[in-house]
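Undergrad: Sending over a structure as structure tokens; questions will come in a sec.
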Amino acid sequence: MGEHDTPGAAGHSEADVSPQTNAPTADAAPAEQTHAEQAHGVSRRGLFGLLGAGAAGLAVGGAGGAAAAAAIAGGGASGGGSEASVYDFYGTHQAGITTPVQDRLHFAAFDVSDMLDRDGLKGLLADWTAAAARLTQGLEVEEGGAVGGSDYAPPVDTGEALGLHASGLTITFGFGPTLFTTADGTDRFGLAARRPPLLEPLPRFQGDALVPQLTGGDLAIQACADDPQVAVHAIRNLSRIAFGRATLRWSQLGFGRTSSTSTAQATPRNLFGFKDGTANLKVEQHDLVDEQVWVGASDEPAWLAGGSYLVTRRIRMIIENWDRVQLGEQEMLVGRSKGSGAPLSGGGEFTEPDFEAEGPTGAPLIDVNAHVRLAHPTMNGGTRMLRRGYNFVDGNDELGRLDAGLFFIAYQRSPQQFIDVQRSLASDGLNEYLKHVGSAIFAVPGGVKKGEFVGQALFA
Ligand code: HEM
């Protein structure tokens, strides 16, 4: 497990908070059990009693320590981190992938200016790296950046995060196919030969209604935090740093994480009201994460080792129609109970679905077109992915319908994993209530070493 998967308070300057104050009160503990609690029979409330003030000692090293620390840091109903969580920026892998999913997202895709050359691109990545290394520790872009500089120069930090904690901020960078070769085949930065062979624009899927302005991008930045202002501050400042070098192509705010990436987190709900993330890959499943998420040392290209492929899909949910669907049909379409999240074949939330189980009429208890059946690894050659999406509501359309949905984010070792599952979902009963309007793919380089910039190996 990467070191930044462990929340701690190290590196925090003015925002230092004692670990005890991070722990939610017993009243704030979620009523629902986490995967770990069900598996080990230990409730979060029990953990507090057990660990008390000594909990801080668990915050470093070891999966058990990380899981327990995440549970302890988990405030509020979502079971996410707390405002005092701080994740290392440097490590084997970039943070923000297996890190316990924070509650808020600001995602941005950029187009690099045609005026930029190879050295200019390296300079931009170096500047972004330096800023991200500080921002993730709860610091300003530069010391005294907001109000400590000259009265006659614009501040180098925009200031809206002054006095706020790091709030578990992670900043994750990705490179789109067009960074390597533009649509008309131009090799702007001498990178065409370094392009990962698998980094192709995604194929068209059945039902796609993609809007070009919400699709693609040369560069991506995913900022996740437990405070929306912290995530927005990060993207805003990184965009400002890029001024004249890269411009925002599209961006997305997200709330109420629709996944959990640690067994210590309670499963949240998406805007259809269903638990989402139950069967997701979890950081504690080390072997599966290595096999399914990280690009291996023997994979091509070598510069991407320790990285991953990121797929984003802006999926509009037609929630006004969904809200008129009977509960039983909603559950049939998903394949799980809306209340408990248990598969319709029986058991509890974390019971494996039994796709062979039949009801009294001989019909399968989990419908042939249920989402969980079609997305399940057994229907997809064993393929898994690490989902990390967020709910969104971006106002309403001209018909008075909420522009709401799921900003789907998945990390996988090969884009083919997403492609296979998305193709399986062609007959998904949920599709009647969904519209995929945005799509992008990025190669996410491995973790950053101190003194280097993100993706440096690409330019070696
Ligand atoms: C708005 C669209 C979507 C909604 C509302 C949705 C909802 C859900 C829900 C409620 C579950 C069950 C709980 C869980 O295991 O997480 C689930 C599982 C899953 N979904 Fe989705 N999903 C959506 C889109 C997608 C897409 C686009 C993909 C990938 C192409 C995907 C892949 C999966 C996978 C792999 C599982 C786990 C299946 C298993 O192992 O049992 N989902 N989804």
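We label chains A, B, ... in the order they appear in the structure tokens, count residues from 1 in each chain, and number ligands from 1 in the order shown.
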Counting only C-alpha atoms and all ligand atoms, what are the residues, protein, DNA or RNA alike, that approach ligand 1 to within 7 Å? I want them as a count of residues only.
TA: 33
Undergrad: Please report, as a VMD selection string, each residue of stretch 241-460 of chain A to which DSSP assigns strand (DSSP E or B) when run on this structure's backbone.
TA: chain A and resid 246 to 255 269 275 308 to 317 336 343 358 364 386 to 387 390 to 396 402 to 412 434 to 444 448
Undergrad: Show which residues sit within 9 Å of A:Thr136, as an NGL selection string. Count only C-alpha atoms, and ignore same-chain residues fewer than 3 positions away.
TA: :A and (86-89 or 131-133 or 139 or 166-171 or 234)
Undergrad: Write to file, as a compact mmCIF listing (two decimals), in the first residue's frame, the residues of the selection just made, with N, CA and C atoms.
TA:
# COMPACT_ATOMS: atom_id res chain seq x y z
N VAL A 86 -4.30 14.35 6.33
CA VAL A 86 -3.27 14.82 5.39
C VAL A 86 -2.65 13.60 4.74
N TYR A 87 -2.60 13.59 3.42
CA TYR A 87 -1.99 12.48 2.71
C TYR A 87 -0.68 12.94 2.08
N ASP A 88 0.33 12.06 2.12
CA ASP A 88 1.60 12.38 1.47
C ASP A 88 1.38 12.61 -0.01
N PHE A 89 2.08 13.57 -0.56
CA PHE A 89 2.01 13.78 -2.01
C PHE A 89 2.97 12.83 -2.72
N ALA A 131 3.37 23.07 -6.62
CA ALA A 131 2.17 23.61 -5.96
C ALA A 131 1.38 22.49 -5.30
N ALA A 132 1.22 21.36 -6.01
CA ALA A 132 0.40 20.26 -5.46
C ALA A 132 1.05 19.69 -4.20
N ALA A 133 2.40 19.63 -4.19
CA ALA A 133 3.09 19.09 -3.01
C ALA A 133 2.77 19.94 -1.79
N LEU A 139 -0.95 23.74 2.81
CA LEU A 139 -0.16 24.98 2.71
C LEU A 139 -0.62 25.79 1.50
N ALA A 166 -6.04 20.83 5.55
CA ALA A 166 -5.76 20.11 4.30
C ALA A 166 -7.00 19.32 3.85
N SER A 167 -7.82 18.91 4.80
CA SER A 167 -9.08 18.23 4.50
C SER A 167 -8.90 17.01 3.60
N GLY A 168 -7.78 16.30 3.80
CA GLY A 168 -7.54 15.07 3.03
C GLY A 168 -7.33 15.32 1.56
N LEU A 169 -6.91 16.53 1.18
CA LEU A 169 -6.75 16.85 -0.26
C LEU A 169 -5.74 15.93 -0.93
N THR A 170 -6.16 15.35 -2.05
CA THR A 170 -5.23 14.65 -2.93
C THR A 170 -5.35 15.28 -4.32
N ILE A 171 -4.22 15.33 -5.02
CA ILE A 171 -4.20 15.89 -6.37
C ILE A 171 -3.54 14.85 -7.27
N ALA A 234 -7.71 24.19 -4.98
CA ALA A 234 -6.60 23.49 -5.65
C ALA A 234 -6.72 23.65 -7.17
Undergrad: Using only C-alpha atoms, find the one residue out of A:Lys435, A:His106, A:Lys122, A:Arg413 that sits nearest to A:Leu310.
TA: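 Among the listed residues, the smallest separation from A:Leu310 belongs to A:Arg413.
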Undergrad: Residues within 8 Å of A:Phe355, please, as a PDB file with N, CA and C atoms, in the first residue's frame. Count only C-alpha atoms; anything in the same chain fewer than 6 positions from it doesn't count.
TA:
ATOM      1  N   SER A 345     -30.405 -12.143  -4.540  1.00  0.00           N
ATOM      2  CA  SER A 345     -30.326 -13.589  -4.291  1.00  0.00           C
ATOM      3  C   SER A 345     -30.241 -13.883  -2.798  1.00  0.00           C
ATOM      4  N   PRO A 364     -34.688 -16.017 -12.684  1.00  0.00           N
ATOM      5  CA  PRO A 364     -33.531 -15.714 -11.829  1.00  0.00           C
ATOM      6  C   PRO A 364     -33.857 -14.591 -10.844  1.00  0.00           C
ATOM      7  N   LEU A 365     -33.394 -14.751  -9.602  1.00  0.00           N
ATOM      8  CA  LEU A 365     -33.662 -13.716  -8.590  1.00  0.00           C
ATOM      9  C   LEU A 365     -32.954 -12.416  -8.957  1.00  0.00           C
ATOM     10  N   ILE A 366     -31.797 -12.545  -9.588  1.00  0.00           N
ATOM     11  CA  ILE A 366     -31.113 -11.352 -10.119  1.00  0.00           C
ATOM     12  C   ILE A 366     -31.339 -11.360 -11.626  1.00  0.00           C
ATOM     13  N   ARG A 373     -25.405  -7.853 -12.324  1.00  0.00           N
ATOM     14  CA  ARG A 373     -25.082  -9.085 -13.049  1.00  0.00           C
ATOM     15  C   ARG A 373     -24.149  -8.758 -14.218  1.00  0.00           C
TER      16      ARG A 373
END
Undergrad: List every residue of stretch 96-290 of chain A that DSSP, applied to the backbone, labels as alpha helix (DSSP H), and write the result as an MDAnalysis selection string.
TA: chainID A and resid 118:135 177:180 228:241 286:290
Undergrad: Fewer than 3 positions away in the same chain doesn't count, so skip those; otherwise give me all residues within 12 Å of A:Asn396, counting only C-alpha atoms, as a PyMOL selection string.
TA: chain A and resi 316+318-320+392-393+399-405
Undergrad: A:Gln229: which residues within 12 Å, counting only C-alpha atoms, same-chain residues fewer than 2 positions away excluded, as a ChimeraX atom specification?
TA: /A:83,103-106,158-167,169,223-227,231-237,253-255
Undergrad: Any chance you can output those residues with N, CA and C atoms as a short mmCIF file (atom, residue, chain, number, x, y, z; two decimals), in the first residue's frame?
TA:
data_model
loop_
_atom_site.label_atom_id
_atom_site.label_comp_id
_atom_site.auth_asym_id
_atom_site.auth_seq_id
_atom_site.Cartn_x
_atom_site.Cartn_y
_atom_site.Cartn_z
N GLU A 83 -11.39 16.79 8.23
CA GLU A 83 -10.71 17.96 7.70
C GLU A 83 -9.23 17.97 8.06
N ASP A 103 -14.99 13.15 0.36
CA ASP A 103 -16.40 13.42 0.09
C ASP A 103 -16.63 14.34 -1.11
N ARG A 104 -15.62 15.10 -1.51
CA ARG A 104 -15.83 16.12 -2.56
C ARG A 104 -14.80 15.99 -3.68
N LEU A 105 -15.23 16.44 -4.84
CA LEU A 105 -14.38 16.36 -6.03
C LEU A 105 -14.41 17.67 -6.80
N HIS A 106 -13.25 18.08 -7.29
CA HIS A 106 -13.21 19.03 -8.40
C HIS A 106 -12.26 18.43 -9.42
N THR A 158 -4.64 32.33 -4.24
CA THR A 158 -5.88 33.10 -4.34
C THR A 158 -6.55 33.34 -2.99
N GLY A 159 -6.16 32.59 -1.96
CA GLY A 159 -6.52 32.96 -0.60
C GLY A 159 -7.75 32.32 0.02
N GLU A 160 -8.63 31.70 -0.79
CA GLU A 160 -9.88 31.23 -0.18
C GLU A 160 -9.70 30.00 0.71
N ALA A 161 -8.49 29.42 0.74
CA ALA A 161 -8.27 28.30 1.64
C ALA A 161 -7.49 28.71 2.89
N LEU A 162 -7.23 30.01 3.03
CA LEU A 162 -6.53 30.48 4.24
C LEU A 162 -7.33 30.07 5.47
N GLY A 163 -6.66 29.46 6.42
CA GLY A 163 -7.34 29.06 7.65
C GLY A 163 -8.06 27.73 7.55
N LEU A 164 -8.13 27.15 6.35
CA LEU A 164 -8.76 25.82 6.22
C LEU A 164 -7.70 24.74 6.37
N HIS A 165 -8.15 23.56 6.78
CA HIS A 165 -7.23 22.42 6.93
C HIS A 165 -6.97 21.77 5.57
N ALA A 166 -6.04 20.83 5.55
CA ALA A 166 -5.76 20.11 4.30
C ALA A 166 -7.00 19.32 3.85
N SER A 167 -7.82 18.91 4.80
CA SER A 167 -9.08 18.23 4.50
C SER A 167 -8.90 17.01 3.60
N LEU A 169 -6.91 16.53 1.18
CA LEU A 169 -6.75 16.85 -0.26
C LEU A 169 -5.74 15.93 -0.93
N ALA A 223 -8.88 16.60 -8.10
CA ALA A 223 -8.65 17.08 -6.73
C ALA A 223 -9.80 16.57 -5.87
N CYS A 224 -9.48 15.80 -4.85
CA CYS A 224 -10.49 15.27 -3.94
C CYS A 224 -10.16 15.75 -2.53
N ALA A 225 -11.19 16.14 -1.78
CA ALA A 225 -10.99 16.63 -0.42
C ALA A 225 -12.29 16.46 0.35
N ASP A 226 -12.21 16.61 1.64
CA ASP A 226 -13.43 16.53 2.45
C ASP A 226 -14.07 17.90 2.64
N ASP A 227 -13.46 18.94 2.08
CA ASP A 227 -14.04 20.28 2.12
C ASP A 227 -14.07 20.78 0.66
N ALA A 231 -10.93 21.65 -2.38
CA ALA A 231 -10.78 21.04 -3.71
C ALA A 231 -10.84 22.11 -4.79
N VAL A 232 -11.76 23.04 -4.65
CA VAL A 232 -11.91 24.11 -5.65
C VAL A 232 -10.68 25.03 -5.63
N HIS A 233 -10.18 25.32 -4.45
CA HIS A 233 -8.98 26.16 -4.34
C HIS A 233 -7.81 25.51 -5.09
N ALA A 234 -7.71 24.19 -4.98
CA ALA A 234 -6.60 23.49 -5.65
C ALA A 234 -6.72 23.65 -7.17
N ILE A 235 -7.89 23.34 -7.71
CA ILE A 235 -8.04 23.43 -9.17
C ILE A 235 -7.90 24.88 -9.64
N ARG A 236 -8.47 25.79 -8.88
CA ARG A 236 -8.39 27.20 -9.28
C ARG A 236 -6.93 27.66 -9.36
N ASN A 237 -6.14 27.30 -8.36
CA ASN A 237 -4.75 27.76 -8.35
C ASN A 237 -3.91 27.06 -9.40
N LEU A 253 -17.62 19.42 -10.72
CA LEU A 253 -17.69 19.36 -9.26
C LEU A 253 -18.48 18.11 -8.87
N GLY A 254 -18.10 17.48 -7.77
CA GLY A 254 -18.84 16.30 -7.33
C GLY A 254 -18.99 16.30 -5.83
N PHE A 255 -20.05 15.66 -5.36
CA PHE A 255 -20.29 15.57 -3.92
C PHE A 255 -20.75 14.15 -3.59
#
Undergrad: Could you produce a table of the residues of stretch 115-141 of chain A lying within 10 Å of stretch 184-208 of chain A, with the nearest pair of atoms per residue and their separation in Å rounded to one decimal, using only C-alpha atoms, ordered by chain and increasing residue number, as JSON lines?
TA:
{"residue": "A:Met115", "atom": "CA", "partner": "A:Arg188", "partner_atom": "CA", "distance": 9.7}
{"residue": "A:Leu116", "atom": "CA", "partner": "A:Arg188", "partner_atom": "CA", "distance": 8.5}
{"residue": "A:Asp117", "atom": "CA", "partner": "A:Phe189", "partner_atom": "CA", "distance": 6.0}
{"residue": "A:Arg118", "atom": "CA", "partner": "A:Phe189", "partner_atom": "CA", "distance": 4.6}
{"residue": "A:Asp119", "atom": "CA", "partner": "A:Phe189", "partner_atom": "CA", "distance": 8.4}
{"residue": "A:Gly120", "atom": "CA", "partner": "A:Phe189", "partner_atom": "CA", "distance": 9.3}
{"residue": "A:Leu121", "atom": "CA", "partner": "A:Phe189", "partner_atom": "CA", "distance": 7.9}
{"residue": "A:Lys122", "atom": "CA", "partner": "A:Phe189", "partner_atom": "CA", "distance": 9.7}
Undergrad: Considering only C-alpha atoms, return as a VMD selection string whatever protein or nucleic-acid residues lie within 8 Å of stretch 436-452 of chain A, sequence-local ones (same chain, fewer than 3 positions apart) excluded.
TA: chain A and resid 89 to 95 126 172 to 177 196 199 to 202 207 to 212 214 to 217 219 to 220 303 to 316 455 to 456
Undergrad: Using only C-alpha atoms, pick whichever of A:Asp111, A:Glu142, A:Asp354, A:Glu349 has the shortest atom-to-atom distance to A:Ile221.
TA: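 Of A:Asp111, A:Glu142, A:Asp354, A:Glu349, the one nearest A:Ile221, counting only C-alpha atoms, is A:Asp111.
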